[in-house]
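run_11.txt, holding compact mmCIF, C-alpha atoms and all ligand atoms:
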# COMPACT_ATOMS: atom_id res chain seq x y z
CA VAL A 1048 -6.28 13.16 -28.32
CA GLN A 1049 -9.03 11.49 -26.36
CA VAL A 1050 -11.53 13.38 -24.19
CA HIS A 1051 -13.14 11.67 -21.17
CA VAL A 1052 -16.29 13.32 -19.88
CA ALA A 1053 -18.08 12.49 -16.61
CA PRO A 1054 -20.55 13.97 -14.10
CA TRP A 1055 -17.64 14.32 -11.66
CA ILE A 1056 -13.88 14.37 -12.02
CA VAL A 1057 -11.76 14.06 -8.89
CA PRO A 1058 -8.28 15.24 -9.89
CA ILE A 1059 -6.93 14.84 -6.29
CA ALA A 1060 -4.45 17.71 -6.82
CA ALA A 1061 -7.41 20.12 -7.22
CA PRO A 1062 -11.07 20.29 -6.11
CA PRO A 1063 -13.61 18.00 -7.84
CA VAL A 1064 -15.00 19.25 -11.17
CA ARG A 1065 -18.73 18.81 -11.88
CA GLU A 1066 -19.59 17.95 -15.50
CA GLY A 1067 -15.89 17.77 -16.22
CA ALA A 1068 -13.58 16.60 -18.97
CA VAL A 1069 -10.03 15.29 -19.14
CA VAL A 1070 -8.06 15.57 -22.36
CA LEU A 1071 -5.39 12.91 -22.85
CA ASP A 1072 -2.82 12.59 -25.61
CA ALA A 1073 -2.06 9.30 -27.38
CA ASN A 1074 0.33 8.30 -24.58
CA GLY A 1075 -2.25 8.88 -21.85
CA VAL A 1076 -0.59 12.11 -20.70
CA VAL A 1077 -3.04 14.72 -19.39
CA ARG A 1078 -3.19 17.76 -21.67
CA ALA A 1079 -6.07 19.58 -19.98
CA ILE A 1080 -8.72 19.20 -17.29
CA GLY A 1081 -11.76 21.42 -16.90
CA SER A 1082 -15.42 21.75 -17.74
CA ALA A 1083 -16.98 19.44 -20.32
CA ARG A 1084 -18.64 22.46 -21.97
CA GLU A 1085 -15.24 23.90 -22.87
CA LEU A 1086 -13.19 20.77 -23.50
CA ALA A 1087 -15.57 18.16 -24.95
CA ARG A 1088 -15.02 18.76 -28.65
CA GLY A 1089 -13.56 16.79 -31.50
CA SER A 1090 -14.33 13.29 -32.58
CA ASP A 1091 -12.93 11.18 -29.78
CA VAL A 1092 -15.16 12.06 -26.82
CA ARG A 1093 -16.03 9.25 -24.37
CA GLU A 1094 -18.87 9.86 -21.96
CA HIS A 1095 -18.87 8.06 -18.60
CA ARG A 1096 -21.56 7.95 -15.95
CA GLY A 1097 -19.37 7.50 -12.85
CA VAL A 1098 -16.69 9.48 -11.00
CA ILE A 1099 -13.31 9.73 -12.74
CA LEU A 1100 -10.27 9.36 -10.50
CA PRO A 1101 -6.57 8.89 -11.21
CA GLY A 1102 -5.48 5.24 -11.15
CA LEU A 1103 -5.27 3.73 -7.67
CA ILE A 1104 -1.97 2.88 -5.99
CA ASN A 1105 -1.54 -0.05 -3.61
CA ALA A 1106 1.58 0.79 -1.57
CA HIS A 1107 1.87 -2.57 0.21
CA ALA A 1108 0.79 -5.97 -1.05
CA HIS A 1109 2.10 -9.54 -1.02
CA VAL A 1110 0.49 -10.95 -4.16
CA GLU A 1111 2.61 -14.10 -3.82
CA LEU A 1112 0.59 -15.13 -0.76
CA SER A 1113 -2.75 -15.08 -2.60
CA HIS A 1114 -3.05 -18.88 -2.81
CA LEU A 1115 -3.03 -19.22 0.98
CA GLY A 1116 -6.45 -17.65 1.46
CA ALA A 1117 -7.41 -16.10 4.80
CA VAL A 1118 -5.25 -17.25 7.71
CA ALA A 1119 -7.13 -17.17 11.03
CA GLY A 1120 -6.45 -13.99 12.99
CA GLY A 1121 -7.66 -11.97 15.94
CA GLU A 1122 -5.12 -13.22 18.49
CA GLY A 1123 -2.23 -10.98 17.47
CA LEU A 1124 0.71 -11.21 15.08
CA VAL A 1125 2.62 -14.15 16.53
CA PRO A 1126 -0.24 -16.71 16.43
CA TRP A 1127 -1.11 -15.45 12.94
CA VAL A 1128 2.50 -15.86 11.73
CA ARG A 1129 2.59 -19.39 13.16
CA ALA A 1130 -0.58 -20.26 11.25
CA LEU A 1131 0.75 -18.60 8.07
CA LEU A 1132 4.01 -20.54 8.21
CA SER A 1133 2.23 -23.86 8.53
CA VAL A 1134 -0.19 -23.12 5.68
CA ARG A 1135 2.62 -21.76 3.50
CA ALA A 1136 4.65 -24.94 3.90
CA GLN A 1137 1.83 -26.89 2.21
CA GLY A 1138 1.22 -24.55 -0.76
CA SER A 1139 2.36 -25.48 -4.28
CA GLY A 1140 4.18 -23.32 -6.81
CA ASP A 1141 1.57 -23.96 -9.53
CA GLU A 1142 -1.24 -22.89 -7.24
CA GLN A 1143 0.74 -19.81 -6.25
CA ALA A 1144 1.26 -18.76 -9.88
CA ALA A 1145 -2.38 -19.39 -10.83
CA CYS A 1146 -3.76 -17.41 -7.85
CA GLY A 1147 -1.21 -14.65 -8.43
CA ARG A 1148 -2.43 -14.34 -12.01
CA VAL A 1149 -6.09 -14.10 -10.97
CA GLN A 1150 -5.31 -11.45 -8.35
CA ALA A 1151 -3.13 -9.44 -10.74
CA GLN A 1152 -6.02 -9.32 -13.22
CA ARG A 1153 -8.46 -8.42 -10.43
CA LEU A 1154 -6.21 -5.59 -9.23
CA ALA A 1155 -6.12 -4.17 -12.74
CA SER A 1156 -9.88 -4.58 -13.25
CA ARG A 1157 -10.55 -2.71 -9.97
CA GLY A 1158 -8.52 0.31 -11.09
CA THR A 1159 -5.15 -0.27 -9.44
CA VAL A 1160 -2.42 0.98 -11.78
CA ALA A 1161 0.66 0.48 -9.59
CA VAL A 1162 1.65 -1.76 -6.69
CA ALA A 1163 4.57 -1.94 -4.28
CA ASP A 1164 4.63 -5.70 -4.05
CA ILE A 1165 6.61 -7.49 -1.36
CA SER A 1166 7.97 -10.79 -2.56
CA ASN A 1167 10.40 -13.34 -1.20
CA ASP A 1168 10.69 -15.37 -4.40
CA GLY A 1169 9.68 -13.04 -7.26
CA ARG A 1170 7.33 -15.61 -8.83
CA VAL A 1171 4.35 -13.29 -9.35
CA ALA A 1172 6.20 -10.21 -10.68
CA GLY A 1173 5.61 -11.35 -14.27
CA GLU A 1174 1.88 -11.83 -13.66
CA LEU A 1175 1.54 -8.27 -12.36
CA ARG A 1176 3.38 -6.81 -15.34
CA VAL A 1177 1.35 -8.87 -17.82
CA ALA A 1178 -1.84 -7.52 -16.21
CA GLY A 1179 -0.64 -4.00 -17.05
CA ILE A 1180 0.24 -2.99 -13.50
CA GLU A 1181 3.27 -0.83 -12.88
CA LEU A 1182 5.30 -2.80 -10.39
CA VAL A 1183 7.70 -1.69 -7.70
CA ASP A 1184 9.19 -5.09 -6.99
CA LEU A 1185 10.40 -5.24 -3.40
CA HIS A 1186 12.57 -8.27 -2.69
CA GLU A 1187 12.02 -8.88 0.98
CA HIS A 1188 14.94 -10.27 2.93
CA ILE A 1189 14.82 -12.08 6.24
CA ALA A 1190 18.36 -12.37 7.51
CA ALA A 1191 19.90 -12.65 10.95
CA CYS A 1192 23.22 -11.21 9.85
CA GLU A 1193 24.51 -11.14 6.26
CA LEU A 1194 22.02 -11.42 3.39
CA ARG A 1195 21.68 -15.02 2.28
CA ALA A 1196 20.88 -14.26 -1.35
CA PRO A 1197 21.51 -11.28 -3.62
CA THR A 1198 18.55 -9.07 -4.48
CA ARG A 1199 16.76 -10.14 -7.68
CA PRO A 1200 17.67 -8.11 -10.79
CA GLY A 1201 15.17 -5.28 -11.26
CA ALA A 1202 13.97 -5.47 -7.64
CA VAL A 1203 14.75 -3.29 -4.63
CA GLY A 1204 16.02 -5.14 -1.57
CA THR A 1205 13.97 -4.53 1.58
CA ALA A 1206 13.88 -5.81 5.12
CA HIS A 1207 10.91 -7.74 6.52
CA ALA A 1208 11.07 -6.27 10.03
CA THR A 1209 13.51 -5.21 12.75
CA TYR A 1210 12.95 -8.50 14.59
CA THR A 1211 13.81 -10.69 11.60
CA VAL A 1212 16.70 -8.69 10.11
CA GLY A 1213 19.89 -8.03 12.06
CA VAL A 1214 21.81 -4.78 12.04
CA PRO A 1215 24.53 -5.79 9.52
CA ALA A 1216 21.91 -6.95 7.00
CA LEU A 1217 19.78 -3.81 7.57
CA LYS A 1218 22.84 -1.67 6.80
CA GLN A 1219 23.64 -3.71 3.70
CA LEU A 1220 20.08 -3.25 2.39
CA ALA A 1221 20.06 0.49 3.07
CA ALA A 1222 23.43 0.96 1.37
CA ALA A 1223 21.99 -0.63 -1.79
CA SER A 1224 18.89 1.60 -1.90
CA GLY A 1225 19.93 5.20 -1.38
CA ASP A 1226 21.11 4.92 2.26
CA ARG A 1227 17.67 4.16 3.61
CA ILE A 1228 15.57 1.09 4.13
CA ARG A 1229 13.03 1.28 1.30
CA SER A 1230 10.13 -0.49 3.07
CA ILE A 1231 9.73 -2.32 6.36
CA HIS A 1232 6.93 -3.65 8.60
CA VAL A 1233 6.97 -1.76 11.92
CA GLU A 1234 4.78 -1.62 15.04
CA GLU A 1235 2.30 -4.17 13.70
CA ASP A 1236 1.91 -5.79 17.11
CA PRO A 1237 2.91 -4.92 20.70
CA ALA A 1238 5.19 -8.00 20.78
CA GLU A 1239 7.58 -6.22 18.42
CA ALA A 1240 8.49 -3.31 20.71
CA GLN A 1241 8.53 -5.72 23.65
CA TYR A 1242 11.16 -7.87 21.91
CA LEU A 1243 13.32 -4.90 20.91
CA VAL A 1244 13.07 -2.90 24.11
CA GLU A 1245 13.23 -5.60 26.79
CA GLY A 1246 13.90 -8.85 24.96
CA GLY A 1247 11.60 -11.81 25.51
CA GLY A 1248 7.90 -12.12 24.83
CA PRO A 1249 6.03 -14.17 22.21
CA LEU A 1250 8.22 -13.03 19.30
CA ALA A 1251 11.39 -14.12 21.10
CA LEU A 1252 9.85 -17.58 21.59
CA LEU A 1253 8.85 -17.88 17.93
CA LEU A 1254 12.26 -16.71 16.68
CA ALA A 1255 14.13 -19.05 19.05
CA GLU A 1256 12.02 -21.99 17.83
CA ARG A 1257 12.98 -21.18 14.27
CA GLY A 1258 16.65 -20.71 15.11
CA ALA A 1259 16.61 -17.04 14.09
CA GLU A 1260 17.52 -14.43 16.66
CA PRO A 1261 18.84 -11.33 14.94
CA MET A 1262 18.90 -9.34 18.18
CA GLY A 1263 21.57 -10.91 20.36
CA THR A 1264 20.65 -8.42 23.06
CA PRO A 1265 17.67 -6.04 23.07
CA SER A 1266 18.39 -2.71 21.41
CA GLY A 1267 16.47 -0.91 24.13
CA ARG A 1268 14.56 1.04 21.49
CA ARG A 1269 11.22 0.68 19.77
CA PRO A 1270 11.43 -0.38 16.08
CA VAL A 1271 11.34 3.06 14.44
CA GLU A 1272 13.72 4.52 17.03
CA HIS A 1273 16.02 1.52 16.47
CA LEU A 1274 16.12 2.17 12.70
CA ASP A 1275 16.66 5.88 13.28
CA ALA A 1276 19.55 5.32 15.69
CA LEU A 1277 21.21 3.26 12.94
CA GLY A 1278 20.67 6.11 10.43
CA LEU A 1279 18.48 3.93 8.19
CA LEU A 1280 15.38 6.13 7.89
CA GLY A 1281 15.32 8.62 5.07
CA PRO A 1282 13.07 10.33 2.56
CA GLY A 1283 11.06 7.64 0.84
CA THR A 1284 11.34 4.99 3.54
CA LEU A 1285 7.96 3.27 3.82
CA LEU A 1286 6.98 2.43 7.39
CA VAL A 1287 4.25 -0.15 6.98
CA HIS A 1288 1.52 -0.54 9.65
CA LEU A 1289 2.51 1.71 12.63
CA THR A 1290 -0.55 0.24 14.35
CA PHE A 1291 0.97 0.39 17.83
CA ALA A 1292 3.30 3.37 17.26
CA THR A 1293 3.40 5.99 20.01
CA PRO A 1294 2.85 9.69 19.28
CA SER A 1295 6.57 10.37 19.79
CA THR A 1296 7.45 7.63 17.31
CA LEU A 1297 5.10 9.19 14.77
CA GLU A 1298 6.68 12.62 15.26
CA LEU A 1299 10.16 11.18 14.86
CA ALA A 1300 9.09 9.41 11.67
CA ALA A 1301 7.56 12.60 10.24
CA SER A 1302 10.74 14.55 10.99
CA ARG A 1303 12.77 12.09 8.88
CA GLY A 1304 10.65 12.55 5.74
CA VAL A 1305 9.45 8.94 5.69
CA LEU A 1306 5.98 7.84 4.58
CA ALA A 1307 3.44 5.80 6.50
CA VAL A 1308 1.66 2.96 4.72
CA LEU A 1309 -1.47 1.95 6.58
CA CYS A 1310 -3.15 -1.43 6.03
CA PRO A 1311 -6.27 -1.11 8.20
CA ARG A 1312 -8.18 -4.23 7.14
CA SER A 1313 -5.11 -6.39 7.71
CA ASN A 1314 -4.56 -4.86 11.17
CA LEU A 1315 -8.21 -5.46 12.06
CA HIS A 1316 -7.92 -9.09 11.01
CA ILE A 1317 -4.67 -9.84 12.85
CA THR A 1318 -4.83 -7.68 15.97
CA GLY A 1319 -8.43 -6.45 16.04
CA ARG A 1320 -7.29 -2.85 15.94
CA LEU A 1321 -7.22 -0.07 13.33
CA PRO A 1322 -4.01 1.94 12.84
CA PRO A 1323 -3.99 5.30 14.69
CA PHE A 1324 -4.92 7.27 11.57
CA ARG A 1325 -5.79 10.48 13.41
CA GLU A 1326 -2.43 10.55 15.22
CA VAL A 1327 -0.57 9.63 12.03
CA ARG A 1328 -2.21 12.55 10.24
CA ALA A 1329 -1.72 14.94 13.17
CA ALA A 1330 2.00 14.09 13.25
CA GLY A 1331 2.24 15.33 9.66
CA LEU A 1332 3.21 11.93 8.27
CA ARG A 1333 2.40 11.60 4.61
CA THR A 1334 0.22 8.49 4.36
CA ALA A 1335 -0.34 5.93 1.64
CA LEU A 1336 -2.53 2.83 1.82
CA GLY A 1337 -1.80 -0.83 1.23
CA THR A 1338 -3.85 -3.98 1.44
CA ASP A 1339 -1.24 -6.43 2.72
CA SER A 1340 -1.99 -9.99 1.52
CA LEU A 1341 -5.12 -12.08 1.14
CA ALA A 1342 -3.86 -14.02 4.17
CA SER A 1343 -5.03 -11.09 6.32
CA SER A 1344 -7.27 -8.96 4.08
CA PRO A 1345 -10.44 -9.78 2.12
CA SER A 1346 -9.20 -8.17 -1.13
CA LEU A 1347 -6.24 -6.41 -2.73
CA ASP A 1348 -8.44 -3.39 -3.56
CA VAL A 1349 -7.25 -0.28 -1.64
CA LEU A 1350 -10.79 1.12 -1.90
CA GLY A 1351 -11.68 -1.47 0.76
CA ASP A 1352 -9.13 0.11 3.09
CA VAL A 1353 -10.40 3.58 2.20
CA GLN A 1354 -13.91 2.43 3.13
CA VAL A 1355 -13.00 0.96 6.51
CA LEU A 1356 -11.17 4.14 7.55
CA ALA A 1357 -13.95 6.37 6.19
CA ARG A 1358 -16.45 4.48 8.35
CA ALA A 1359 -14.10 4.98 11.31
CA GLY A 1360 -14.19 8.76 10.76
CA ALA A 1361 -11.19 9.52 8.56
CA ASP A 1362 -11.47 12.46 6.15
CA PRO A 1363 -12.52 11.35 2.63
CA ALA A 1364 -10.18 13.77 0.82
CA TRP A 1365 -7.22 12.59 2.92
CA LEU A 1366 -8.12 8.95 2.24
CA LEU A 1367 -8.45 9.36 -1.51
CA ALA A 1368 -5.12 11.24 -1.66
CA ALA A 1369 -3.58 8.34 0.28
CA ALA A 1370 -4.92 5.86 -2.30
CA THR A 1371 -3.59 7.89 -5.24
CA GLU A 1372 -1.21 10.87 -4.94
CA VAL A 1373 0.65 9.87 -1.77
CA GLY A 1374 0.75 6.28 -3.01
CA ALA A 1375 2.50 7.55 -6.13
CA LEU A 1376 5.03 9.38 -3.94
CA ALA A 1377 5.53 6.21 -1.91
CA LEU A 1378 6.27 4.24 -5.08
CA GLU A 1379 8.40 7.10 -6.46
CA LEU A 1380 6.21 7.28 -9.58
CA PRO A 1381 5.69 11.05 -9.92
CA HIS A 1382 3.73 10.72 -13.18
CA ARG A 1383 0.96 8.83 -11.33
CA GLY A 1384 -1.45 9.82 -8.57
CA ALA A 1385 -3.25 12.94 -9.84
CA ILE A 1386 -5.09 14.18 -12.91
CA ALA A 1387 -2.93 17.18 -13.72
CA PRO A 1388 -1.34 18.43 -16.95
CA GLY A 1389 1.84 16.53 -17.77
CA ARG A 1390 1.04 13.50 -15.63
CA ARG A 1391 0.12 10.05 -16.93
CA PRO A 1392 -2.07 8.85 -14.05
CA GLY A 1393 -4.28 6.27 -15.76
CA LEU A 1394 -8.00 7.02 -15.40
CA VAL A 1395 -10.58 4.96 -13.54
CA VAL A 1396 -14.35 5.41 -13.52
CA ILE A 1397 -16.04 4.48 -10.27
CA GLY A 1398 -19.79 3.86 -10.17
CA ASP A 1399 -22.34 4.48 -12.92
CA GLY A 1400 -24.79 7.00 -11.49
CA ALA A 1401 -22.67 9.97 -10.47
CA HIS A 1402 -25.20 12.56 -11.72
CA ALA A 1403 -27.09 12.02 -8.47
CA ILE A 1404 -24.04 12.54 -6.21
CA ASP A 1405 -23.39 15.83 -4.41
CA ASP A 1406 -20.09 15.01 -2.72
CA PRO A 1407 -17.96 12.71 -4.91
CA LEU A 1408 -15.08 12.46 -2.39
CA ARG A 1409 -17.38 11.22 0.32
CA TRP A 1410 -19.27 8.94 -2.07
CA VAL A 1411 -16.12 7.25 -3.38
CA ALA A 1412 -14.67 6.88 0.13
CA PHE A 1413 -17.81 5.18 1.47
CA GLU A 1414 -19.21 3.41 -1.59
CA GLY A 1415 -16.34 2.99 -4.08
CA ALA A 1416 -15.29 -0.42 -2.74
CA ASP A 1417 -18.74 -1.84 -3.59
CA ALA A 1418 -19.27 0.06 -6.87
CA PRO A 1419 -18.37 -1.03 -10.39
CA VAL A 1420 -14.92 0.18 -11.47
CA GLU A 1421 -13.55 0.50 -14.97
CA ARG A 1422 -10.10 1.54 -16.08
CA VAL A 1423 -10.55 3.72 -19.16
CA ALA A 1424 -7.00 5.03 -19.78
ZN ZN B 1 3.06 -6.95 4.79

Turn this file's structure into structure tokens for me.
Amino acid sequence: VQVHVAPWIVPIAAPPVREGAVVLDANGVVRAIGSARELARGSDVREHRGVILPGLINAHAHVELSHLGAVAGGEGLVPWVRALLSVRAQGSGDEQAACGRVQAQRLASRGTVAVADISNDGRVAGELRVAGIELVDLHEHIAACELRAPTRPGAVGTAHATYTVGVPALKQLAAASGDRIRSIHVEEDPAEAQYLVEGGGPLALLLAERGAEPMGTPSGRRPVEHLDALGLLGPGTLLVHLTFATPSTLELAASRGVLAVLCPRSNLHITGRLPPFREVRAAGLRTALGTDSLASSPSLDVLGDVQVLARAGADPAWLLAAATEVGALALELPHRGAIAPGRRPGLVVIGDGAHAIDDPLRWVAFEGADAPVERVA
């Protein structure tokens, strides 16, 4: 066994423990958690000076876009997508692999233990695994009608968005992953509901230019309502963004047992707006956090997204659960996400002066993104 001792332990599933200890077996499975005075015995005791948390979970990233760097935003999704497409056309495969490798290592070094990574081509999956990150490999399809390519072996097929994937392809994807769409971008920009409800608008123009119009006629419904009418929402569906979702959409989503994945720094970059985190929480939607890609976010560290929402007034305990325990639910990795007996969460130490902290939840939410982080198990 190995015993990790720290001024604060934040188990997530229980209140923080001051002067605490976590006992792990040789496989990293938690055997006990409690006070250091009772548990810190034996030869293999490691003392840390920061706050111990379970490993972080990034529930929405696109590591394969890392080589593109920041794509100019602030004007909404459609101008940003246009800029992304032109930059992406110039990128090289070697550059993509090299940047993917650097970011995979950085994710691991900043305490992320698992990622739901969206990928069109699967080229960075190996880099993430080599870095020791548990990967939920989501093969994202963009298809007007039938899927153009089969889903990669070992990956789960997902849909990019309701405006880029037609109804037959959506149904095909859901049928292959437990009768629900596993993950989809929804309500990231007002143009999306405009296109689905009325037809037309900036998305219709962009899609027509690219010869891709999955909606022959408008569905007359907003994106989440559209998916629900098709019977494609179910427990474990990840609705990514929800930035412009209405309260009734959020209630509908909660009633279907889906999870929200908020990417606040990406939303700020592209549309200048934070997701409606208070309304999402009030609707009872379980919420995880994702970073989205480096094309719209300054880092792939979910603590950055925790920080931006903490500064906007979100509850620190809710945010840290989103970055750990709910993230584990979102990725369907029940052994992750909390320091509790029987789980194998991975342990991260955040900061190096936690003796002076009175409220570790608040401190990690506000300062964790800028503090040193070490993965210790
Ligand atoms: Zn995304």

12 Å shell around ligand ZN 1 (chain B) using all atoms listed in the file, listed as an NGL selection string
:A and (1105-1112 or 1124 or 1128 or 1163-1167 or 1185 or 1187 or 1205-1208 or 1230-1235 or 1285-1289 or 1308-1314 or 1317 or 1336-1344 or 1347)

Would you list the contacts of Ser1302 in chain A as a list in words, taking every protein, DNA or RNA residue within 10 Å and counting all atoms listed in the file, but skipping same-chain residues closer than 2 positions in sequence?
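Everything that qualifies: Gly1281, Pro1282, Thr1296, Leu1297, Glu1298, Leu1299, Ala1300, Gly1304, Val1305, Ala1330, Gly1331 and Leu1332 of chain A.
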
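The space separating CA of Glu1066 in chain A from CA of Gly1081 in chain A comes to 8.7 Å.
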
When distances are computed from only C-alpha atoms, which of A:Ala1083, A:Val1070, A:Val1244, A:Ala1377 shows the smallest separation from Arg1391 in chain A?
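Result for the nearest residue to Arg1391 in chain A: A:Val1070.
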
So which residues touch Ala1079 in chain A within 8 Å, counting all atoms listed in the file, skipping near sequence neighbours fewer than 5 positions away, as number ranges by chain?
A: 1069-1071, 1387-1388

For Glu1414 in chain A, list every protein, DNA or RNA residue within 9 Å, evaluated using all atoms listed in the file, and leave out those in the same chain fewer than 5 positions away; present the list as a PyMOL selection string.
chain A and resi 1350+1354+1398+1409

Taking all atoms listed in the file into account, which of A:Ile1104, A:Ala1223, A:Leu1115, A:Arg1325 comes nearest Leu1376 in chain A?
A:Ile1104

Among listed residues A:Pro1126, A:Val1423, A:Gly1179, A:Pro1101, nearest Glu1372 in chain A (using all atoms listed in the file)
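Residue with the minimum atom-to-atom distance to Glu1372 in chain A: A:Pro1101.
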
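From CA of Val1203 in chain A back to CA of Asp1184 in chain A, the distance works out to 6.3 Å.
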
Pick out the residues sitting within 12 Å of Arg1257 in chain A, and hand them over as a short mmCIF file (atom, residue, chain, number, x, y, z; two decimals) with C-alpha atoms, keeping the file's coordinate frame; count all atoms listed in the file, and ignore anything fewer than 5 positions along from it in its own chain.
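The result, written out as out13.cif:
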data_model
loop_
_atom_site.label_atom_id
_atom_site.label_comp_id
_atom_site.auth_asym_id
_atom_site.auth_seq_id
_atom_site.Cartn_x
_atom_site.Cartn_y
_atom_site.Cartn_z
CA ARG A 1129 2.59 -19.39 13.16
CA LEU A 1132 4.01 -20.54 8.21
CA ALA A 1191 19.90 -12.65 10.95
CA THR A 1211 13.81 -10.69 11.60
CA LEU A 1250 8.22 -13.03 19.30
CA ALA A 1251 11.39 -14.12 21.10
CA LEU A 1252 9.85 -17.58 21.59
#

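Separating CA of Pro1054 in chain A from CA of Ala1087 in chain A is a distance of 12.7 Å.
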
Pick from A:Ser1156, A:Ala1385, A:Pro1197, A:Pro1323: nearest to Asp1168 in chain A, with all atoms listed in the file counted?
A:Pro1197

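Checking A:Val1162, A:Gln1219, A:Glu1256, A:Arg1088 one by one against Ala1335 in chain A, counting only C-alpha atoms, you find the shortest gap at A:Val1162.
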
Compile the contact shell of Ala1403 in chain A as a PyMOL selection string: residues with an atom at most 10 Å away, counting all atoms listed in the file, same-chain residues fewer than 3 positions apart removed.
chain A and resi 1054+1097+1399-1400+1406-1407

Could you check which of A:His1114, A:Ile1404, A:Arg1383, A:Leu1175 is closest to Ser1139 in chain A, using all atoms listed in the file?
A:His1114

List as a list in words the residues having at least one atom at most 8 Å from position (-9.5, 11.3, -13.5) as given in the file, counting only C-alpha atoms.
Ile1056, Val1057, Pro1058, Val1069, Val1098, Ile1099, Leu1100, Pro1101, Gly1102, Ala1385, Ile1386, Pro1392, Gly1393, Leu1394, Val1395 and Val1396 of chain A

So which residues are close to (5.4, -13.3, -11.4), meaning at most 10 Å away in the file's coordinates with only C-alpha atoms counted, and can you show them as a PDB file with C-alpha atoms, in the frame of the given file?
ATOM      1  CA  VAL A1110       0.490 -10.950  -4.160  1.00  0.00           C
ATOM      2  CA  GLU A1111       2.610 -14.100  -3.820  1.00  0.00           C
ATOM      3  CA  GLN A1143       0.740 -19.810  -6.250  1.00  0.00           C
ATOM      4  CA  ALA A1144       1.260 -18.760  -9.880  1.00  0.00           C
ATOM      5  CA  ALA A1145      -2.380 -19.390 -10.830  1.00  0.00           C
ATOM      6  CA  GLY A1147      -1.210 -14.650  -8.430  1.00  0.00           C
ATOM      7  CA  ARG A1148      -2.430 -14.340 -12.010  1.00  0.00           C
ATOM      8  CA  ALA A1151      -3.130  -9.440 -10.740  1.00  0.00           C
ATOM      9  CA  SER A1166       7.970 -10.790  -2.560  1.00  0.00           C
ATOM     10  CA  ASP A1168      10.690 -15.370  -4.400  1.00  0.00           C
ATOM     11  CA  GLY A1169       9.680 -13.040  -7.260  1.00  0.00           C
ATOM     12  CA  ARG A1170       7.330 -15.610  -8.830  1.00  0.00           C
ATOM     13  CA  VAL A1171       4.350 -13.290  -9.350  1.00  0.00           C
ATOM     14  CA  ALA A1172       6.200 -10.210 -10.680  1.00  0.00           C
ATOM     15  CA  GLY A1173       5.610 -11.350 -14.270  1.00  0.00           C
ATOM     16  CA  GLU A1174       1.880 -11.830 -13.660  1.00  0.00           C
ATOM     17  CA  LEU A1175       1.540  -8.270 -12.360  1.00  0.00           C
ATOM     18  CA  ARG A1176       3.380  -6.810 -15.340  1.00  0.00           C
ATOM     19  CA  VAL A1177       1.350  -8.870 -17.820  1.00  0.00           C
TER      20      VAL A1177
END

Box for range 1122-1136 of chain A - axis-aligned, 6 Å on each of the six sides, all listed atoms - centre and size in Å to one decimal, as JSON.
{"center_x": -0.2, "center_y": -18.0, "center_z": 11.0, "size_x": 21.8, "size_y": 26.0, "size_z": 27.0}
